[in-house]
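Trainee: As input, take structure.cif (mmCIF, C-alpha atoms):
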```cif
data_model
loop_
_atom_site.label_atom_id
_atom_site.label_comp_id
_atom_site.auth_asym_id
_atom_site.auth_seq_id
_atom_site.Cartn_x
_atom_site.Cartn_y
_atom_site.Cartn_z
CA MET A 1 85.46 87.96 114.54
CA THR A 2 82.59 89.91 116.04
CA GLN A 3 82.35 93.57 115.23
CA THR A 4 84.14 95.63 117.89
CA LEU A 5 83.04 99.15 118.80
CA SER A 6 85.66 101.42 120.37
CA LEU A 7 84.60 104.92 121.42
CA GLY A 8 86.17 108.23 122.32
CA TRP A 9 89.53 108.38 120.56
CA PRO A 10 90.77 112.01 120.82
CA ALA A 11 92.43 113.86 117.96
CA PRO A 12 93.79 116.85 119.88
CA ALA A 13 94.74 120.26 118.57
CA LYS A 14 98.36 121.39 118.60
CA LEU A 15 99.98 124.78 118.82
CA ASN A 16 103.23 125.85 117.24
CA LEU A 17 104.59 127.92 120.12
CA PHE A 18 107.17 129.24 117.67
CA LEU A 19 107.82 128.57 113.98
CA HIS A 20 111.03 129.52 112.20
CA ILE A 21 111.63 128.90 108.48
CA ASN A 22 115.34 128.26 107.96
CA GLY A 23 115.50 127.62 104.23
CA ARG A 24 114.07 125.86 101.22
CA ARG A 25 115.36 122.49 100.06
CA ALA A 26 115.95 121.42 96.48
CA ASP A 27 112.80 119.25 96.62
CA GLY A 28 110.69 122.30 97.47
CA TYR A 29 110.13 121.43 101.13
CA HIS A 30 111.19 123.88 103.81
CA GLU A 31 113.65 123.40 106.65
CA LEU A 32 112.09 124.64 109.86
CA GLN A 33 112.38 124.75 113.62
CA THR A 34 109.23 124.67 115.70
CA LEU A 35 107.94 123.78 119.15
CA PHE A 36 104.77 121.69 119.36
CA GLN A 37 102.48 121.42 122.34
CA PHE A 38 99.08 119.70 122.47
CA LEU A 39 95.79 121.09 123.74
CA GLU A 40 93.13 119.42 125.86
CA HIS A 41 90.67 120.09 123.04
CA GLY A 42 90.08 118.47 119.68
CA ASP A 43 88.09 116.16 117.45
CA LEU A 44 86.73 112.80 118.57
CA LEU A 45 86.69 109.54 116.61
CA ASP A 46 84.79 106.30 117.18
CA PHE A 47 85.67 103.04 115.43
CA LYS A 48 83.80 99.83 114.65
CA ILE A 49 86.09 97.06 113.42
CA THR A 50 84.55 94.93 110.68
CA THR A 51 85.41 91.64 109.02
CA GLY A 52 85.29 93.10 105.52
CA SER A 53 88.11 95.32 104.26
CA LYS A 54 85.84 98.30 103.56
CA ILE A 55 86.63 101.65 105.20
CA SER A 56 83.62 103.91 105.67
CA LEU A 57 83.49 107.35 107.27
CA HIS A 58 80.57 109.19 108.88
CA SER A 59 81.20 112.79 109.88
CA ASN A 60 79.75 116.24 110.44
CA LEU A 61 81.97 117.63 107.68
CA PRO A 62 80.40 119.46 104.71
CA SER A 63 79.11 116.98 102.13
CA SER A 64 81.29 118.69 99.48
CA ILE A 65 84.36 116.99 101.02
CA ALA A 66 84.71 113.54 99.46
CA ASP A 67 85.57 110.65 101.79
CA ALA A 68 88.36 109.58 99.44
CA ASP A 69 90.07 112.95 100.02
CA ASN A 70 89.83 112.70 103.81
CA LEU A 71 93.06 111.96 105.66
CA ILE A 72 91.19 109.57 107.96
CA VAL A 73 90.28 107.30 105.04
CA LYS A 74 93.74 107.69 103.52
CA ALA A 75 95.34 106.74 106.85
CA ALA A 76 93.18 103.64 107.25
CA ASN A 77 93.87 102.53 103.67
CA LEU A 78 97.60 103.11 104.12
CA LEU A 79 97.69 100.98 107.29
CA GLN A 80 95.80 98.21 105.50
CA GLN A 81 98.25 98.26 102.60
CA GLN A 82 101.29 98.33 104.90
CA THR A 83 100.20 95.46 107.13
CA GLY A 84 98.11 93.32 104.82
CA THR A 85 95.24 93.13 107.29
CA HIS A 86 91.91 91.94 105.91
CA LEU A 87 89.94 93.83 108.54
CA GLY A 88 87.99 96.99 107.84
CA ALA A 89 86.44 99.78 109.87
CA GLU A 90 83.45 102.02 110.17
CA ILE A 91 84.60 105.40 111.52
CA TRP A 92 82.65 108.28 113.03
CA LEU A 93 84.22 111.75 113.24
CA ASP A 94 82.93 114.51 115.52
CA LYS A 95 84.73 117.48 113.96
CA LYS A 96 85.34 120.33 116.38
CA LEU A 97 88.62 121.84 115.16
CA PRO A 98 88.57 124.47 112.41
CA MET A 99 89.81 123.39 108.99
CA GLY A 100 92.75 125.36 107.65
CA GLY A 101 93.33 126.78 111.12
CA GLY A 102 96.91 125.72 111.79
CA VAL A 103 95.95 123.62 114.82
CA GLY A 104 96.58 120.34 113.02
CA GLY A 105 93.02 119.06 112.76
CA GLY A 106 93.41 116.90 109.65
CA SER A 107 96.86 115.65 110.66
CA SER A 108 95.62 114.82 114.15
CA ASP A 109 92.65 112.91 112.74
CA ALA A 110 95.02 110.89 110.54
CA ALA A 111 97.35 110.14 113.45
CA THR A 112 94.49 109.03 115.70
CA THR A 113 93.23 106.76 112.93
CA LEU A 114 96.67 105.13 112.54
CA VAL A 115 97.19 104.73 116.30
CA ALA A 116 93.66 103.49 117.02
CA LEU A 117 93.42 101.03 114.13
CA ASN A 118 96.94 99.71 114.75
CA SER A 119 95.71 98.84 118.24
CA LEU A 120 92.25 97.62 117.29
CA TRP A 121 93.37 95.63 114.24
CA GLN A 122 96.34 94.32 116.27
CA THR A 123 98.66 95.05 113.35
CA GLY A 124 101.63 95.45 115.70
CA LEU A 125 103.48 98.47 114.25
CA ASP A 126 105.59 100.47 116.70
CA ASN A 127 105.52 104.26 117.01
CA GLN A 128 108.44 104.77 114.63
CA GLN A 129 106.78 102.66 111.94
CA LEU A 130 103.48 104.48 112.42
CA ALA A 131 105.22 107.85 112.28
CA ALA A 132 106.93 106.88 109.01
CA LEU A 133 103.52 106.02 107.57
CA GLY A 134 102.07 109.25 108.94
CA LEU A 135 104.78 111.34 107.28
CA LYS A 136 103.45 110.14 103.91
CA LEU A 137 100.15 111.83 104.81
CA GLY A 138 101.55 115.11 106.12
CA ALA A 139 104.54 116.67 107.88
CA ASP A 140 102.61 117.23 111.13
CA VAL A 141 101.24 113.68 111.47
CA PRO A 142 104.32 112.19 113.24
CA ILE A 143 104.13 114.61 116.20
CA PHE A 144 100.59 113.43 116.95
CA ILE A 145 101.70 109.79 116.77
CA HIS A 146 104.66 110.31 119.10
CA GLY A 147 102.30 112.05 121.51
CA HIS A 148 104.74 114.20 123.49
CA ALA A 149 105.43 117.92 123.21
CA ALA A 150 108.46 118.25 120.98
CA PHE A 151 111.02 120.47 119.33
CA ALA A 152 110.90 119.69 115.61
CA GLU A 153 113.43 120.24 112.85
CA GLY A 154 113.84 119.16 109.23
CA VAL A 155 110.42 119.37 107.58
CA GLY A 156 108.94 118.69 111.00
CA GLU A 157 109.81 115.00 111.21
CA LYS A 158 112.93 115.24 113.43
CA LEU A 159 111.43 115.30 116.90
CA GLN A 160 113.01 115.84 120.31
CA ALA A 161 110.63 115.44 123.26
CA VAL A 162 110.53 118.39 125.65
CA ASP A 163 108.74 119.25 128.85
CA ILE A 164 107.63 122.87 128.92
CA PRO A 165 105.16 124.86 131.05
CA GLU A 166 101.55 123.86 130.47
CA HIS A 167 99.75 127.20 130.18
CA TRP A 168 96.11 127.94 129.46
CA TYR A 169 95.30 129.32 126.02
CA LEU A 170 92.52 131.23 124.35
CA VAL A 171 92.48 130.20 120.71
CA ILE A 172 90.62 132.38 118.19
CA ALA A 173 89.68 130.87 114.83
CA PRO A 174 89.08 133.59 112.20
CA ASP A 175 86.49 132.59 109.62
CA VAL A 176 89.01 132.06 106.83
CA HIS A 177 90.79 129.02 105.39
CA VAL A 178 94.54 129.48 104.99
CA SER A 179 96.23 127.08 102.59
CA THR A 180 99.51 125.81 104.03
CA ALA A 181 100.78 125.02 100.54
CA GLU A 182 100.07 128.54 99.31
CA ILE A 183 101.83 130.13 102.29
CA PHE A 184 104.94 127.99 101.84
CA GLN A 185 104.99 128.75 98.09
CA HIS A 186 104.54 132.51 98.57
CA PRO A 187 107.52 134.59 97.40
CA ASP A 188 107.27 136.90 100.42
CA LEU A 189 107.63 134.13 103.02
CA PRO A 190 110.82 134.68 105.09
CA ARG A 191 113.12 131.70 104.56
CA ASP A 192 116.35 132.82 106.20
CA THR A 193 115.91 132.60 109.96
CA PRO A 194 119.19 131.19 111.31
CA LYS A 195 119.07 127.79 112.99
CA VAL A 196 119.83 127.97 116.70
CA SER A 197 119.95 125.43 119.51
CA LEU A 198 116.91 124.38 121.48
CA THR A 199 118.47 125.84 124.64
CA GLU A 200 118.74 129.25 122.96
CA LEU A 201 115.24 129.01 121.52
CA LEU A 202 113.64 128.16 124.85
CA SER A 203 114.99 131.37 126.37
CA ALA A 204 114.29 133.60 123.34
CA ASN A 205 111.27 135.70 122.43
CA TRP A 206 109.10 133.37 120.35
CA LYS A 207 107.77 134.28 116.91
CA ASN A 208 106.11 132.77 113.87
CA ASP A 209 107.80 133.51 110.54
CA CYS A 210 104.50 133.03 108.67
CA GLN A 211 102.54 135.51 110.79
CA THR A 212 103.22 138.80 108.97
CA LEU A 213 102.53 137.29 105.54
CA VAL A 214 99.24 135.74 106.68
CA CYS A 215 98.11 138.89 108.50
CA ASN A 216 98.79 140.95 105.37
CA ALA A 217 96.82 138.50 103.21
CA PHE A 218 93.94 137.89 105.64
CA PRO A 219 92.68 140.98 107.53
CA GLN A 220 90.50 138.74 109.73
CA VAL A 221 93.65 137.11 111.16
CA ALA A 222 95.31 140.49 111.73
CA LYS A 223 92.19 141.79 113.48
CA ALA A 224 91.92 138.78 115.80
CA LEU A 225 95.60 138.94 116.69
CA ALA A 226 95.49 142.70 117.36
CA TRP A 227 92.55 142.23 119.74
CA LEU A 228 94.15 139.31 121.58
CA LEU A 229 97.47 141.12 122.02
CA GLU A 230 95.67 143.64 124.23
CA TYR A 231 95.15 140.88 126.80
CA ALA A 232 98.06 138.43 126.59
CA PRO A 233 101.24 137.42 124.78
CA SER A 234 99.81 136.16 121.50
CA ARG A 235 100.91 134.65 118.20
CA MET A 236 99.62 132.74 115.22
CA THR A 237 99.98 128.96 115.14
CA GLY A 238 101.33 127.12 112.10
CA THR A 239 100.39 128.83 108.86
CA GLY A 240 97.18 130.11 110.44
CA ALA A 241 94.48 131.10 110.58
CA CYS A 242 94.19 130.47 114.33
CA VAL A 243 95.86 132.78 116.83
CA PHE A 244 96.38 132.09 120.51
CA GLY A 245 96.91 134.04 123.71
CA GLU A 246 98.80 132.59 126.68
CA PHE A 247 97.39 132.80 130.23
CA LYS A 248 98.62 131.56 133.59
CA THR A 249 95.18 130.40 134.77
CA GLN A 250 91.96 129.04 133.29
CA GLN A 251 90.04 131.87 134.93
CA GLN A 252 92.10 134.53 133.15
CA ALA A 253 91.57 132.82 129.80
CA LEU A 254 87.82 132.46 130.38
CA GLU A 255 87.51 136.11 131.38
CA CYS A 256 89.18 137.10 128.13
CA LEU A 257 86.90 134.75 126.18
CA ALA A 258 83.88 136.42 127.79
CA GLN A 259 85.03 139.78 126.42
CA MET A 260 85.74 138.46 122.94
CA PRO A 261 83.77 140.21 120.17
CA THR A 262 80.83 138.16 118.93
CA THR A 263 82.30 138.29 115.42
CA PHE A 264 85.11 135.99 116.61
CA HIS A 265 84.94 132.28 117.40
CA GLY A 266 87.21 130.76 119.98
CA PHE A 267 87.79 128.29 122.79
CA VAL A 268 89.82 127.96 125.97
CA ALA A 269 92.04 124.92 126.48
CA LYS A 270 94.97 123.84 128.59
CA GLY A 271 98.30 123.04 127.00
CA THR A 272 99.55 119.52 127.70
CA ASN A 273 102.89 117.85 127.09
CA ILE A 274 101.34 114.37 126.95
CA SER A 275 98.78 114.00 124.17
CA PRO A 276 95.23 112.99 125.15
CA LEU A 277 95.58 110.32 122.45
CA GLN A 278 98.43 108.68 124.37
CA ARG A 279 96.37 108.62 127.54
CA ARG A 280 93.48 107.00 125.63
CA LEU A 281 95.80 104.38 124.16
CA THR A 282 96.88 103.24 127.61
CA ARG A 283 93.23 102.48 128.46
CA CYS A 284 92.84 99.91 125.64
#
```
Let me see the file written as C-alpha coordinates.
Mentor:
Amino acid sequence: MTQTLSLGWPAPAKLNLFLHINGRRADGYHELQTLFQFLEHGDLLDFKITTGSKISLHSNLPSSIADADNLIVKAANLLQQQTGTHLGAEIWLDKKLPMGGGVGGGSSDAATTLVALNSLWQTGLDNQQLAALGLKLGADVPIFIHGHAAFAEGVGEKLQAVDIPEHWYLVIAPDVHVSTAEIFQHPDLPRDTPKVSLTELLSANWKNDCQTLVCNAFPQVAKALAWLLEYAPSRMTGTGACVFGEFKTQQQALECLAQMPTTFHGFVAKGTNISPLQRRLTRC
(Lines of atoms letter the chains of each structure in order from A and count residues from 1; the text may use other names and numbers.)
(Lines give C-alpha, C1' and ligand atoms only; values in the text may rest on other atoms or scores of the structure.)
Protein backbone atom coordinates (compact mmCIF):
# COMPACT_ATOMS: atom_id res chain seq x y z
CA MET A 1 0.00 0.00 0.00
CA THR A 2 1.31 3.43 -0.91
CA GLN A 3 1.13 6.12 1.71
CA THR A 4 -2.11 8.09 1.35
CA LEU A 5 -2.36 11.76 2.31
CA SER A 6 -5.82 13.09 3.16
CA LEU A 7 -6.17 16.78 4.00
CA GLY A 8 -8.64 19.12 5.65
CA TRP A 9 -10.68 17.04 8.09
CA PRO A 10 -12.63 19.51 10.30
CA ALA A 11 -13.05 19.07 14.04
CA PRO A 12 -15.77 21.67 14.65
CA ALA A 13 -16.67 23.43 17.86
CA LYS A 14 -19.99 22.77 19.55
CA LEU A 15 -22.19 24.87 21.78
CA ASN A 16 -24.42 23.65 24.57
CA LEU A 17 -27.40 25.90 23.91
CA PHE A 18 -28.69 24.82 27.32
CA LEU A 19 -27.32 22.47 29.97
CA HIS A 20 -29.40 21.08 32.83
CA ILE A 21 -27.98 18.78 35.53
CA ASN A 22 -30.75 16.44 36.67
CA GLY A 23 -28.94 14.31 39.23
CA ARG A 24 -25.90 12.27 40.13
CA ARG A 25 -25.73 8.53 39.51
CA ALA A 26 -24.28 5.93 41.84
CA ASP A 27 -21.21 5.63 39.58
CA GLY A 28 -20.47 9.33 40.01
CA TYR A 29 -21.57 10.40 36.53
CA HIS A 30 -24.29 13.02 36.16
CA GLU A 31 -27.65 12.75 34.44
CA LEU A 32 -28.13 15.75 32.20
CA GLN A 33 -30.22 17.27 29.45
CA THR A 34 -28.53 19.46 26.87
CA LEU A 35 -28.90 20.75 23.32
CA PHE A 36 -25.87 20.53 21.04
CA GLN A 37 -25.31 22.57 17.91
CA PHE A 38 -22.11 22.72 15.83
CA LEU A 39 -20.22 25.79 14.66
CA GLU A 40 -18.63 26.50 11.29
CA HIS A 41 -15.32 26.93 13.11
CA GLY A 42 -12.86 24.49 14.61
CA ASP A 43 -9.60 22.59 14.45
CA LEU A 44 -8.28 20.96 11.27
CA LEU A 45 -6.60 17.56 10.94
CA ASP A 46 -4.58 16.04 8.11
CA PHE A 47 -3.80 12.32 7.89
CA LYS A 48 -1.15 10.25 6.11
CA ILE A 49 -1.92 6.53 6.18
CA THR A 50 1.17 4.36 6.64
CA THR A 51 1.93 0.66 6.32
CA GLY A 52 3.41 0.43 9.80
CA SER A 53 1.16 0.45 12.86
CA LYS A 54 2.79 3.52 14.41
CA ILE A 55 0.62 6.53 15.27
CA SER A 56 2.48 9.85 15.29
CA LEU A 57 1.09 13.31 15.95
CA HIS A 58 2.40 16.72 14.88
CA SER A 59 0.62 19.74 16.32
CA ASN A 60 0.86 23.36 17.41
CA LEU A 61 0.01 22.36 20.98
CA PRO A 62 2.39 23.26 23.84
CA SER A 63 5.25 20.77 24.05
CA SER A 64 4.31 20.08 27.69
CA ILE A 65 1.32 18.03 26.47
CA ALA A 66 2.50 14.47 25.82
CA ASP A 67 1.26 12.76 22.66
CA ALA A 68 0.25 9.72 24.69
CA ASP A 69 -2.20 11.90 26.65
CA ASN A 70 -3.77 13.39 23.52
CA LEU A 71 -7.25 12.16 22.64
CA ILE A 72 -6.27 12.02 18.97
CA VAL A 73 -3.60 9.39 19.66
CA LYS A 74 -5.89 7.56 22.08
CA ALA A 75 -8.66 7.49 19.45
CA ALA A 76 -6.36 6.12 16.75
CA ASN A 77 -4.98 3.45 19.09
CA LEU A 78 -8.49 2.48 20.18
CA LEU A 79 -9.64 2.06 16.56
CA GLN A 80 -6.59 -0.08 15.82
CA GLN A 81 -7.29 -2.31 18.81
CA GLN A 82 -10.99 -2.62 17.98
CA THR A 83 -10.53 -3.50 14.32
CA GLY A 84 -7.19 -5.27 14.27
CA THR A 85 -5.91 -3.14 11.41
CA HIS A 86 -2.15 -3.21 10.81
CA LEU A 87 -2.15 0.24 9.26
CA GLY A 88 -0.83 3.32 11.01
CA ALA A 89 -1.07 7.07 10.56
CA GLU A 90 0.84 10.28 10.70
CA ILE A 91 -1.50 13.04 11.90
CA TRP A 92 -1.18 16.82 11.79
CA LEU A 93 -3.35 18.99 14.05
CA ASP A 94 -3.93 22.70 13.46
CA LYS A 95 -5.34 23.65 16.87
CA LYS A 96 -7.64 26.67 16.80
CA LEU A 97 -10.15 25.94 19.56
CA PRO A 98 -9.34 26.91 23.15
CA MET A 99 -8.51 24.09 25.54
CA GLY A 100 -10.78 23.82 28.57
CA GLY A 101 -13.24 26.15 26.86
CA GLY A 102 -16.39 24.03 26.81
CA VAL A 103 -16.59 24.02 23.01
CA GLY A 104 -15.56 20.38 22.73
CA GLY A 105 -12.14 20.80 21.15
CA GLY A 106 -10.52 17.61 22.45
CA SER A 107 -13.68 15.54 21.99
CA SER A 108 -14.13 16.86 18.47
CA ASP A 109 -10.51 16.04 17.59
CA ALA A 110 -11.04 12.49 18.85
CA ALA A 111 -14.27 12.08 16.88
CA THR A 112 -12.69 13.38 13.67
CA THR A 113 -9.80 10.96 14.15
CA LEU A 114 -12.19 8.01 14.55
CA VAL A 115 -14.36 9.02 11.58
CA ALA A 116 -11.45 9.87 9.28
CA LEU A 117 -9.33 6.81 10.06
CA ASN A 118 -12.34 4.48 9.87
CA SER A 119 -12.79 5.77 6.33
CA LEU A 120 -9.14 5.91 5.34
CA TRP A 121 -8.20 2.56 6.91
CA GLN A 122 -11.42 1.07 5.49
CA THR A 123 -12.14 -0.58 8.84
CA GLY A 124 -15.88 -0.56 8.14
CA LEU A 125 -17.40 0.44 11.50
CA ASP A 126 -20.79 2.13 11.37
CA ASN A 127 -21.69 5.32 13.24
CA GLN A 128 -23.13 3.46 16.24
CA GLN A 129 -19.98 1.38 16.63
CA LEU A 130 -17.79 4.47 16.30
CA ALA A 131 -19.91 6.35 18.83
CA ALA A 132 -19.58 3.46 21.31
CA LEU A 133 -15.80 3.66 20.92
CA GLY A 134 -15.92 7.44 21.25
CA LEU A 135 -17.86 7.24 24.52
CA LYS A 136 -14.85 5.46 26.04
CA LEU A 137 -12.84 8.62 25.32
CA GLY A 138 -15.35 11.18 26.58
CA ALA A 139 -19.08 11.85 26.99
CA ASP A 140 -19.12 14.49 24.22
CA VAL A 141 -17.37 12.40 21.56
CA PRO A 142 -20.53 10.60 20.26
CA ILE A 143 -22.30 13.85 19.29
CA PHE A 144 -19.41 14.76 16.99
CA ILE A 145 -19.49 11.30 15.41
CA HIS A 146 -23.25 11.40 14.79
CA GLY A 147 -22.76 14.81 13.22
CA HIS A 148 -26.25 16.29 13.63
CA ALA A 149 -27.49 18.84 16.15
CA ALA A 150 -29.06 16.86 18.95
CA PHE A 151 -30.91 16.83 22.23
CA ALA A 152 -28.85 14.71 24.63
CA GLU A 153 -29.79 12.90 27.81
CA GLY A 154 -28.16 10.36 30.11
CA VAL A 155 -24.50 11.32 30.49
CA GLY A 156 -24.75 12.85 27.03
CA GLU A 157 -24.81 9.61 25.05
CA LYS A 158 -28.58 9.37 24.40
CA LEU A 159 -29.00 11.51 21.31
CA GLN A 160 -32.09 12.68 19.46
CA ALA A 161 -31.41 14.62 16.25
CA VAL A 162 -33.10 18.02 16.05
CA ASP A 163 -33.30 20.82 13.52
CA ILE A 164 -33.16 24.22 15.19
CA PRO A 165 -32.52 27.77 13.94
CA GLU A 166 -28.95 28.30 12.75
CA HIS A 167 -27.99 31.63 14.31
CA TRP A 168 -24.71 33.50 14.21
CA TYR A 169 -22.65 33.52 17.40
CA LEU A 170 -19.88 35.57 18.94
CA VAL A 171 -17.88 33.24 21.15
CA ILE A 172 -15.54 34.74 23.77
CA ALA A 173 -12.80 32.55 25.22
CA PRO A 174 -11.60 33.88 28.61
CA ASP A 175 -7.95 33.14 29.26
CA VAL A 176 -8.62 30.45 31.86
CA HIS A 177 -8.80 26.65 31.79
CA VAL A 178 -11.90 25.23 33.47
CA SER A 179 -11.66 21.57 34.47
CA THR A 180 -14.88 19.73 33.61
CA ALA A 181 -14.11 17.09 36.23
CA GLU A 182 -13.65 19.71 38.96
CA ILE A 183 -16.92 21.45 38.09
CA PHE A 184 -18.89 18.20 38.15
CA GLN A 185 -17.29 17.23 41.47
CA HIS A 186 -17.94 20.62 43.10
CA PRO A 187 -20.34 20.49 46.06
CA ASP A 188 -22.08 23.71 44.95
CA LEU A 189 -23.05 22.42 41.50
CA PRO A 190 -26.87 22.34 41.16
CA ARG A 191 -27.94 18.74 40.57
CA ASP A 192 -31.72 18.90 40.89
CA THR A 193 -33.11 20.49 37.74
CA PRO A 194 -36.26 18.50 36.88
CA LYS A 195 -36.25 16.53 33.63
CA VAL A 196 -38.72 17.90 31.10
CA SER A 197 -39.64 16.98 27.54
CA LEU A 198 -37.78 18.29 24.52
CA THR A 199 -40.94 20.09 23.38
CA GLU A 200 -41.08 21.99 26.68
CA LEU A 201 -37.36 22.72 26.62
CA LEU A 202 -37.43 24.14 23.09
CA SER A 203 -39.99 26.74 24.13
CA ALA A 204 -38.40 27.56 27.52
CA ASN A 205 -35.84 30.17 28.50
CA TRP A 206 -32.51 28.39 28.15
CA LYS A 207 -29.90 28.27 30.92
CA ASN A 208 -26.71 26.52 31.92
CA ASP A 209 -26.69 24.98 35.41
CA CYS A 210 -22.88 25.26 35.59
CA GLN A 211 -22.77 28.97 34.77
CA THR A 212 -23.16 30.54 38.24
CA LEU A 213 -20.61 28.21 39.82
CA VAL A 214 -18.03 28.88 37.09
CA CYS A 215 -18.61 32.65 37.13
CA ASN A 216 -18.11 32.70 40.90
CA ALA A 217 -14.88 30.69 40.61
CA PHE A 218 -13.48 32.47 37.54
CA PRO A 219 -13.97 36.27 37.44
CA GLN A 220 -12.71 36.35 33.83
CA VAL A 221 -15.72 34.27 32.76
CA ALA A 222 -18.12 36.49 34.71
CA LYS A 223 -16.59 39.61 33.17
CA ALA A 224 -16.85 38.29 29.60
CA LEU A 225 -20.44 37.19 30.10
CA ALA A 226 -21.46 40.51 31.67
CA TRP A 227 -20.01 42.41 28.70
CA LEU A 228 -21.64 40.15 26.11
CA LEU A 229 -25.06 40.33 27.78
CA GLU A 230 -25.12 44.05 26.96
CA TYR A 231 -25.34 43.15 23.27
CA ALA A 232 -27.20 39.83 22.91
CA PRO A 233 -28.82 36.89 24.69
CA SER A 234 -25.74 35.14 26.08
CA ARG A 235 -24.77 32.08 28.10
CA MET A 236 -21.83 29.88 28.94
CA THR A 237 -21.30 26.67 26.97
CA GLY A 238 -20.59 23.35 28.67
CA THR A 239 -18.59 23.77 31.86
CA GLY A 240 -16.90 26.85 30.41
CA ALA A 241 -14.88 28.87 30.05
CA CYS A 242 -16.31 30.06 26.72
CA VAL A 243 -19.42 32.22 26.60
CA PHE A 244 -21.49 32.98 23.52
CA GLY A 245 -23.90 35.63 22.32
CA GLU A 246 -26.63 34.88 19.77
CA PHE A 247 -27.19 37.14 16.74
CA LYS A 248 -29.60 37.02 13.82
CA THR A 249 -27.00 38.08 11.23
CA GLN A 250 -23.26 37.78 10.64
CA GLN A 251 -23.01 41.56 10.40
CA GLN A 252 -24.47 42.04 13.89
CA ALA A 253 -22.04 39.51 15.35
CA LEU A 254 -19.06 41.09 13.59
CA GLU A 255 -20.05 44.56 14.78
CA CYS A 256 -20.11 43.28 18.34
CA LEU A 257 -16.73 41.58 17.84
CA ALA A 258 -15.30 44.90 16.64
CA GLN A 259 -16.33 46.51 19.93
CA MET A 260 -14.97 43.70 22.09
CA PRO A 261 -12.33 44.80 24.62
CA THR A 262 -8.80 43.92 23.54
CA THR A 263 -8.38 41.92 26.77
CA PHE A 264 -10.86 39.37 25.38
CA HIS A 265 -10.31 36.81 22.63
CA GLY A 266 -13.16 35.67 20.46
CA PHE A 267 -14.49 34.63 17.08
CA VAL A 268 -17.68 34.80 15.04
CA ALA A 269 -19.17 31.62 13.59
CA LYS A 270 -22.45 30.36 12.23
CA GLY A 271 -24.35 27.61 13.99
CA THR A 272 -25.00 24.56 11.84
CA ASN A 273 -27.19 21.51 12.36
CA ILE A 274 -25.07 19.35 10.04
CA SER A 275 -21.48 19.01 11.21
CA PRO A 276 -18.71 20.15 8.84
CA LEU A 277 -17.14 16.74 9.52
CA GLN A 278 -20.15 15.00 7.96
CA ARG A 279 -19.91 17.17 4.87
CA ARG A 280 -16.19 16.34 4.57
CA LEU A 281 -16.90 12.62 4.92
CA THR A 282 -19.24 12.68 1.94
CA ARG A 283 -16.39 14.01 -0.23
CA CYS A 284 -14.15 10.95 0.37
Trainee: Could you list, as a list of chain:residue names, every residue within 9 Å of Leu201 of chain A, counting all atoms listed in the file and ignoring same-chain residues fewer than 5 positions away?
Mentor: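 Residues meeting the cut-off are A:Phe18, A:Val196, A:Trp206.
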Trainee: Which residues of segment 88-206 of chain A come within 7 Å of segment 252-272 of chain A, and what is each one's closest atom pair and distance in Å (one decimal), counting all atoms listed in the file, sorted by chain and residue number, as CSV?
Mentor:
```
residue,atom,partner,partner_atom,distance
A:Glu166,CA,A:Gly271,CA,4.8
A:His167,CA,A:Gly271,CA,5.4
A:Trp168,CA,A:Lys270,CA,4.3
A:Tyr169,CA,A:Ala269,CA,5.5
A:Leu170,CA,A:Val268,CA,4.5
A:Val171,CA,A:Gly266,CA,5.3
A:Ile172,CA,A:Gly266,CA,4.2
A:Ala173,CA,A:His265,CA,5.6
A:Pro174,CA,A:Phe264,CA,6.4
```
Trainee: Mind giving me the straight-line distance from atom CA of Thr237 of chain A to atom CA of Asn16 of chain A in Å, one decimal?
Mentor: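 We find that atom CA of Thr237 of chain A and atom CA of Asn16 of chain A lie 5.0 Å from each other.
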Trainee: Using all atoms listed in the file, can you tell me which of A:Pro233, A:Gly52, A:Gly88, A:Pro187 comes closest to Leu117 of chain A?
Mentor: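 Of the candidates, the smallest distance to Leu117 of chain A is held by A:Gly88.
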Trainee: Could the residues of segment 225-260 of chain A that have an atom at most 10 Å from segment 93-101 of chain A be listed as CSV, each with its closest atom pair and the distance in Å to one decimal, counting all atoms listed in the file and ordered by chain and ascending residue number?
Mentor:
```
residue,atom,partner,partner_atom,distance
A:Met236,CA,A:Gly101,CA,9.6
A:Thr237,CA,A:Gly101,CA,8.1
A:Gly238,CA,A:Gly101,CA,8.1
A:Thr239,CA,A:Gly101,CA,7.7
A:Gly240,CA,A:Gly101,CA,5.1
A:Ala241,CA,A:Gly101,CA,4.5
A:Cys242,CA,A:Gly101,CA,5.0
A:Val243,CA,A:Gly101,CA,8.7
```
Trainee: In Å, rounded to a single decimal, give me how far atom CA of Ser275 of chain A is from atom CA of Lys248 of chain A.
Mentor: 19.9 Å
Trainee: Could you work out how far atom CA of Gln211 of chain A lies from atom CA of Thr199 of chain A, giving the answer in Å with one decimal?
Mentor: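 These two atoms are separated by 23.2 Å.
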Trainee: Which residues come within 9 Å of Gly124 of chain A, counting only C-alpha atoms, excluding same-chain residues fewer than 4 positions away, as a ChimeraX atom specification?
Mentor: /A:83,118-119
Trainee: On this structure, which residues satisfy the PyMOL selection byres ((chain A and resi 54-56) around 12), written as a PyMOL selection string?
Mentor: chain A and resi 46-53+57-59+66-68+70+72-80+85-93+113+117
Trainee: Spell out the residues picked by the PyMOL selection byres ((chain A and resi 218-220) around 9) here, as a list of chain:residue names.
Mentor: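 Evaluating the PyMOL selection byres ((chain A and resi 218-220) around 9) on this file yields A:Pro174, A:Asp175, A:Val176, A:Val178, A:Leu213, A:Val214, A:Cys215, A:Asn216, A:Ala217, A:Val221, A:Ala222, A:Lys223, A:Ala224, A:Leu225, A:Ala241.
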Trainee: At a cut-off of 8 Å, using all atoms listed in the file, what residues contact His20 of chain A? Leave out same-chain residues fewer than 5 positions from it and give the result as a list of chain:residue names.
Mentor: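 In the requested form, the answer reads A:Leu32, A:Gln33, A:Thr34, A:Thr193, A:Lys207, A:Asn208, A:Asp209.
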Trainee: Identify, on the basis of all atoms listed in the file, every residue whose closest approach to segment 131-143 of chain A does not exceed 9 Å; exclude the query and any residue fewer than 2 positions from it along the same chain; express the result as JSON, numbers by chain.
Mentor: {"A": [36, 71, 74, 75, 78, 79, 82, 104, 106, 107, 108, 109, 110, 111, 114, 126, 127, 128, 129, 145, 146, 147, 148, 149, 150, 152, 155, 156, 157, 159]}
Trainee: Counting only C-alpha atoms, figure out which residue out of A:Glu182, A:His30, A:Gly42, A:Leu17 gets nearest to Leu202 of chain A.
Mentor: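 Looking at the shortest contact to Leu202 of chain A, the residue is A:Leu17.
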Trainee: Run the PyMOL selection byres ((chain A and resi 189) around 9) on the file and write out the hits as a list in words.
Mentor: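 Residues picked by the PyMOL selection byres ((chain A and resi 189) around 9): Ile21, Ile183, Phe184, Gln185, His186, Pro187, Asp188, Pro190, Arg191, Asp209, Cys210, Thr212 and Leu213 of chain A.
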Trainee: With only C-alpha atoms as the basis for distance, which of A:Thr123, A:Asn60, A:Thr249, A:Thr112 is at the shortest distance from Gln81 of chain A?
Mentor: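 Closest to Gln81 of chain A, using only C-alpha atoms: A:Thr123.
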Trainee: So which one's closest to Gly245 of chain A, A:Gly28, A:Trp227, A:Ser197, A:Ala13? Using only C-alpha atoms, please.
Mentor: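 Checking each candidate against Gly245 of chain A, we get A:Trp227 as the closest.
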